[in-house]
file work21.pdb (PDB, C-alpha atoms and all ligand atoms)
ATOM      1  CA  MET X   1      78.944 -93.601 126.107  1.00  0.00           C
ATOM      2  CA  ASN X   2      75.417 -92.636 127.074  1.00  0.00           C
ATOM      3  CA  VAL X   3      74.062 -89.108 126.643  1.00  0.00           C
ATOM      4  CA  THR X   4      74.490 -88.141 130.290  1.00  0.00           C
ATOM      5  CA  ASP X   5      78.133 -89.255 130.258  1.00  0.00           C
ATOM      6  CA  LEU X   6      78.679 -87.564 126.917  1.00  0.00           C
ATOM      7  CA  LEU X   7      77.350 -84.225 128.159  1.00  0.00           C
ATOM      8  CA  ARG X   8      79.330 -84.547 131.362  1.00  0.00           C
ATOM      9  CA  SER X   9      82.524 -85.258 129.443  1.00  0.00           C
ATOM     10  CA  LEU X  10      81.957 -82.113 127.365  1.00  0.00           C
ATOM     11  CA  VAL X  11      80.934 -80.070 130.455  1.00  0.00           C
ATOM     12  CA  LEU X  12      77.679 -79.125 128.734  1.00  0.00           C
ATOM     13  CA  ASP X  13      74.282 -78.218 130.098  1.00  0.00           C
ATOM     14  CA  PRO X  14      71.635 -79.608 127.724  1.00  0.00           C
ATOM     15  CA  ALA X  15      69.530 -76.515 128.461  1.00  0.00           C
ATOM     16  CA  ASP X  16      72.124 -74.524 126.490  1.00  0.00           C
ATOM     17  CA  LEU X  17      71.751 -76.657 123.357  1.00  0.00           C
ATOM     18  CA  LYS X  18      69.329 -75.806 120.567  1.00  0.00           C
ATOM     19  CA  PRO X  19      66.098 -77.819 120.528  1.00  0.00           C
ATOM     20  CA  ALA X  20      66.013 -80.422 117.759  1.00  0.00           C
ATOM     21  CA  PRO X  21      63.071 -81.814 115.780  1.00  0.00           C
ATOM     22  CA  HIS X  22      61.334 -84.954 117.000  1.00  0.00           C
ATOM     23  CA  ARG X  23      61.590 -86.757 113.694  1.00  0.00           C
ATOM     24  CA  GLN X  24      64.639 -88.753 112.743  1.00  0.00           C
ATOM     25  CA  ALA X  25      67.352 -86.401 111.470  1.00  0.00           C
ATOM     26  CA  THR X  26      68.767 -87.160 108.050  1.00  0.00           C
ATOM     27  CA  ALA X  27      72.196 -86.461 106.601  1.00  0.00           C
ATOM     28  CA  GLN X  28      70.497 -83.589 104.776  1.00  0.00           C
ATOM     29  CA  ASP X  29      69.279 -82.075 108.065  1.00  0.00           C
ATOM     30  CA  ALA X  30      72.828 -82.216 109.407  1.00  0.00           C
ATOM     31  CA  ALA X  31      74.281 -80.751 106.213  1.00  0.00           C
ATOM     32  CA  GLU X  32      71.784 -77.880 106.332  1.00  0.00           C
ATOM     33  CA  ARG X  33      72.561 -77.258 109.971  1.00  0.00           C
ATOM     34  CA  LEU X  34      76.322 -77.216 109.325  1.00  0.00           C
ATOM     35  CA  GLY X  35      76.141 -74.824 106.395  1.00  0.00           C
ATOM     36  CA  PRO X  36      76.312 -72.226 104.948  1.00  0.00           C
ATOM     37  CA  GLU X  37      76.244 -70.328 108.252  1.00  0.00           C
ATOM     38  CA  PRO X  38      79.156 -71.464 110.431  1.00  0.00           C
ATOM     39  CA  LEU X  39      78.142 -73.216 113.637  1.00  0.00           C
ATOM     40  CA  SER X  40      80.119 -73.111 116.846  1.00  0.00           C
ATOM     41  CA  CYS X  41      81.163 -76.186 118.753  1.00  0.00           C
ATOM     42  CA  ALA X  42      78.936 -76.494 121.836  1.00  0.00           C
ATOM     43  CA  ALA X  43      81.952 -77.401 123.959  1.00  0.00           C
ATOM     44  CA  CYS X  44      84.694 -74.986 122.888  1.00  0.00           C
ATOM     45  CA  GLY X  45      83.200 -72.459 120.467  1.00  0.00           C
ATOM     46  CA  THR X  46      85.409 -73.199 117.478  1.00  0.00           C
ATOM     47  CA  LEU X  47      83.943 -74.155 114.109  1.00  0.00           C
ATOM     48  CA  ALA X  48      81.676 -77.184 114.396  1.00  0.00           C
ATOM     49  CA  ARG X  49      82.320 -80.024 111.938  1.00  0.00           C
ATOM     50  CA  SER X  50      79.621 -82.435 113.014  1.00  0.00           C
ATOM     51  CA  THR X  51      76.186 -82.369 114.514  1.00  0.00           C
ATOM     52  CA  ARG X  52      73.795 -84.939 115.854  1.00  0.00           C
ATOM     53  CA  ILE X  53      70.573 -85.069 117.811  1.00  0.00           C
ATOM     54  CA  ILE X  54      70.732 -86.353 121.354  1.00  0.00           C
ATOM     55  CA  ASP X  55      67.817 -87.368 123.563  1.00  0.00           C
ATOM     56  CA  THR X  56      68.441 -85.779 126.931  1.00  0.00           C
ATOM     57  CA  PRO X  57      66.720 -86.997 130.098  1.00  0.00           C
ATOM     58  CA  ASP X  58      65.381 -83.572 131.121  1.00  0.00           C
ATOM     59  CA  HIS X  59      65.538 -81.361 128.031  1.00  0.00           C
ATOM     60  CA  ASP X  60      64.059 -83.506 125.270  1.00  0.00           C
ATOM     61  CA  ARG X  61      65.852 -83.616 121.926  1.00  0.00           C
ATOM     62  CA  ARG X  62      68.761 -81.241 121.371  1.00  0.00           C
ATOM     63  CA  TRP X  63      71.327 -80.589 118.670  1.00  0.00           C
ATOM     64  CA  LEU X  64      74.870 -81.367 119.712  1.00  0.00           C
ATOM     65  CA  ASP X  65      77.307 -79.492 117.463  1.00  0.00           C
ATOM     66  CA  ARG X  66      80.943 -80.399 117.860  1.00  0.00           C
ATOM     67  CA  CYS X  67      84.281 -79.457 116.349  1.00  0.00           C
ATOM     68  CA  ARG X  68      86.565 -82.169 115.008  1.00  0.00           C
ATOM     69  CA  ASP X  69      88.614 -82.413 118.201  1.00  0.00           C
ATOM     70  CA  TYR X  70      85.631 -82.807 120.512  1.00  0.00           C
ATOM     71  CA  MET X  71      83.918 -85.201 118.170  1.00  0.00           C
ATOM     72  CA  LEU X  72      87.011 -87.426 118.145  1.00  0.00           C
ATOM     73  CA  ALA X  73      87.488 -87.026 121.887  1.00  0.00           C
ATOM     74  CA  THR X  74      84.013 -88.386 122.575  1.00  0.00           C
ATOM     75  CA  VAL X  75      84.014 -91.274 120.128  1.00  0.00           C
ATOM     76  CA  VAL X  76      84.588 -94.480 122.013  1.00  0.00           C
ATOM     77  CA  ALA X  77      86.971 -96.669 120.061  1.00  0.00           C
ATOM     78  CA  PRO X  78      85.751-100.272 119.811  1.00  0.00           C
ATOM     79  CA  TRP X  79      89.064-101.534 121.179  1.00  0.00           C
ATOM     80  CA  ALA X  80      88.640 -99.311 124.250  1.00  0.00           C
ATOM     81  CA  LEU X  81      85.344-100.885 125.288  1.00  0.00           C
ATOM     82  CA  ASP X  82      85.445-102.902 128.441  1.00  0.00           C
ATOM     83  CA  PRO X  83      84.827-106.527 127.437  1.00  0.00           C
ATOM     84  CA  GLY X  84      83.034-107.012 130.744  1.00  0.00           C
TER      85      GLY X  84
HETATM   86 ZN    ZN X 101      85.064 -77.871 120.119  1.00  0.00          ZN
END
call {"tool": "encode", "arguments": {"input": "work21.pdb", "output": "structure tokens"}}
result
Amino acid sequence: MNVTDLLRSLVLDPADLKPAPHRQATAQDAAERLGPEPLSCAACGTLARSTRIIDTPDHDRRWLDRCRDYMLATVVAPWALDPG
């Protein structure tokens, strides 16, 4: 799933996401972002359990914080990929 499809599936406007650093994010960056202050899921507002940086076409790099349900909903299972 590319970033545009991902944002569309979550009904998100990248302009609403927090700007992210240009360097490669580490597990430590994500851990610091996820705690100790609770983060809200960008899609539904419940407690976020994961975060990642996405490169958006028009809004540069943004943090995408997601709850467990939305993270799982947007993971493409290998067996679901179209073999072409
Ligand atoms: Zn959510």
call {"tool": "resolve_selection", "arguments": {"input": "work21.pdb", "expression": "the PyMOL selection byres (((not hetatm)) within 6 of (chain X and resi 101))", "output": "list in words"}}
result
Cys41, Ala43, Cys44, Gly45, Thr46, Arg66, Cys67 and Tyr70 of chain X
call {"tool": "resolve_selection", "arguments": {"input": "work21.pdb", "expression": "the PyMOL selection byres (((chain X and resi 57) around 12) and not hetatm)", "output": "PyMOL selection string"}}
result
chain X and resi 2-5+7+13-15+54-56+58-62
call {"tool": "closest_residue", "arguments": {"input": "work21.pdb", "among": "X:Leu47, X:Leu39, X:Ala25, X:Leu64", "to": "X:Leu12", "atoms": "all atoms listed in the file"}}
result
X:Leu64
call {"tool": "closest_residue", "arguments": {"input": "work21.pdb", "among": "X:Leu72, X:Ala30, X:Leu10, X:Arg23", "to": "X:Ala42", "atoms": "all atoms listed in the file"}}
result
X:Leu10
call {"tool": "atom_distance", "arguments": {"input": "work21.pdb", "atom1": "atom CA of X:Ser9", "atom2": "atom CA of X:Thr26"}}
result
25.5 Å
call {"tool": "atom_distance", "arguments": {"input": "work21.pdb", "atom1": "atom CA of X:Thr74", "atom2": "atom CA of X:Lys18"}}
result
19.4 Å
call {"tool": "closest_residue", "arguments": {"input": "work21.pdb", "among": "X:Ala48, X:Met71, X:Val11, X:Ile53", "to": "X:Ala27", "atoms": "all atoms listed in the file"}}
result
X:Ile53
call {"tool": "build_atoms", "arguments": {"input": "work21.pdb", "residues": "stretch 8-23 of chain X", "atoms": "N, CA, C and O atoms", "output": "short mmCIF file (atom, residue, chain, number, x, y, z; two decimals), keeping the file's coordinate frame"}}
result
data_model
loop_
_atom_site.label_atom_id
_atom_site.label_comp_id
_atom_site.auth_asym_id
_atom_site.auth_seq_id
_atom_site.Cartn_x
_atom_site.Cartn_y
_atom_site.Cartn_z
N ARG X 8 78.44 -84.80 130.23
CA ARG X 8 79.33 -84.55 131.36
C ARG X 8 80.77 -84.44 130.88
O ARG X 8 81.52 -83.57 131.31
N SER X 9 81.14 -85.29 129.93
CA SER X 9 82.52 -85.26 129.44
C SER X 9 82.81 -83.96 128.68
O SER X 9 83.95 -83.52 128.63
N LEU X 10 81.78 -83.37 128.10
CA LEU X 10 81.96 -82.11 127.36
C LEU X 10 81.67 -80.90 128.25
O LEU X 10 81.79 -79.76 127.80
N VAL X 11 81.29 -81.13 129.50
CA VAL X 11 80.93 -80.07 130.46
C VAL X 11 79.84 -79.19 129.85
O VAL X 11 79.95 -77.96 129.79
N LEU X 12 78.78 -79.85 129.37
CA LEU X 12 77.68 -79.12 128.73
C LEU X 12 76.39 -79.27 129.53
O LEU X 12 76.12 -80.34 130.09
N ASP X 13 75.63 -78.19 129.54
CA ASP X 13 74.28 -78.22 130.10
C ASP X 13 73.32 -78.36 128.92
O ASP X 13 73.32 -77.51 128.03
N PRO X 14 72.53 -79.44 128.87
CA PRO X 14 71.64 -79.61 127.72
C PRO X 14 70.68 -78.44 127.53
O PRO X 14 70.21 -78.20 126.42
N ALA X 15 70.41 -77.68 128.58
CA ALA X 15 69.53 -76.52 128.46
C ALA X 15 70.13 -75.47 127.53
O ALA X 15 69.41 -74.62 126.98
N ASP X 16 71.45 -75.50 127.35
CA ASP X 16 72.12 -74.52 126.49
C ASP X 16 72.14 -74.93 125.02
O ASP X 16 72.55 -74.16 124.17
N LEU X 17 71.73 -76.17 124.74
CA LEU X 17 71.75 -76.66 123.36
C LEU X 17 70.44 -76.31 122.66
O LEU X 17 69.40 -76.21 123.30
N LYS X 18 70.52 -76.16 121.35
CA LYS X 18 69.33 -75.81 120.57
C LYS X 18 68.38 -76.99 120.48
O LYS X 18 68.81 -78.12 120.23
N PRO X 19 67.08 -76.74 120.66
CA PRO X 19 66.10 -77.82 120.53
C PRO X 19 66.13 -78.42 119.12
O PRO X 19 66.30 -77.69 118.14
N ALA X 20 65.97 -79.72 119.04
CA ALA X 20 66.01 -80.42 117.76
C ALA X 20 64.63 -80.99 117.45
O ALA X 20 63.82 -81.19 118.35
N PRO X 21 64.37 -81.25 116.15
CA PRO X 21 63.07 -81.81 115.78
C PRO X 21 62.88 -83.22 116.33
O PRO X 21 63.85 -83.92 116.62
N HIS X 22 61.63 -83.63 116.45
CA HIS X 22 61.33 -84.95 117.00
C HIS X 22 61.50 -86.06 115.98
O HIS X 22 61.72 -87.20 116.34
N ARG X 23 61.42 -85.71 114.71
CA ARG X 23 61.59 -86.76 113.69
C ARG X 23 63.06 -87.17 113.62
O ARG X 23 63.94 -86.46 114.10
#
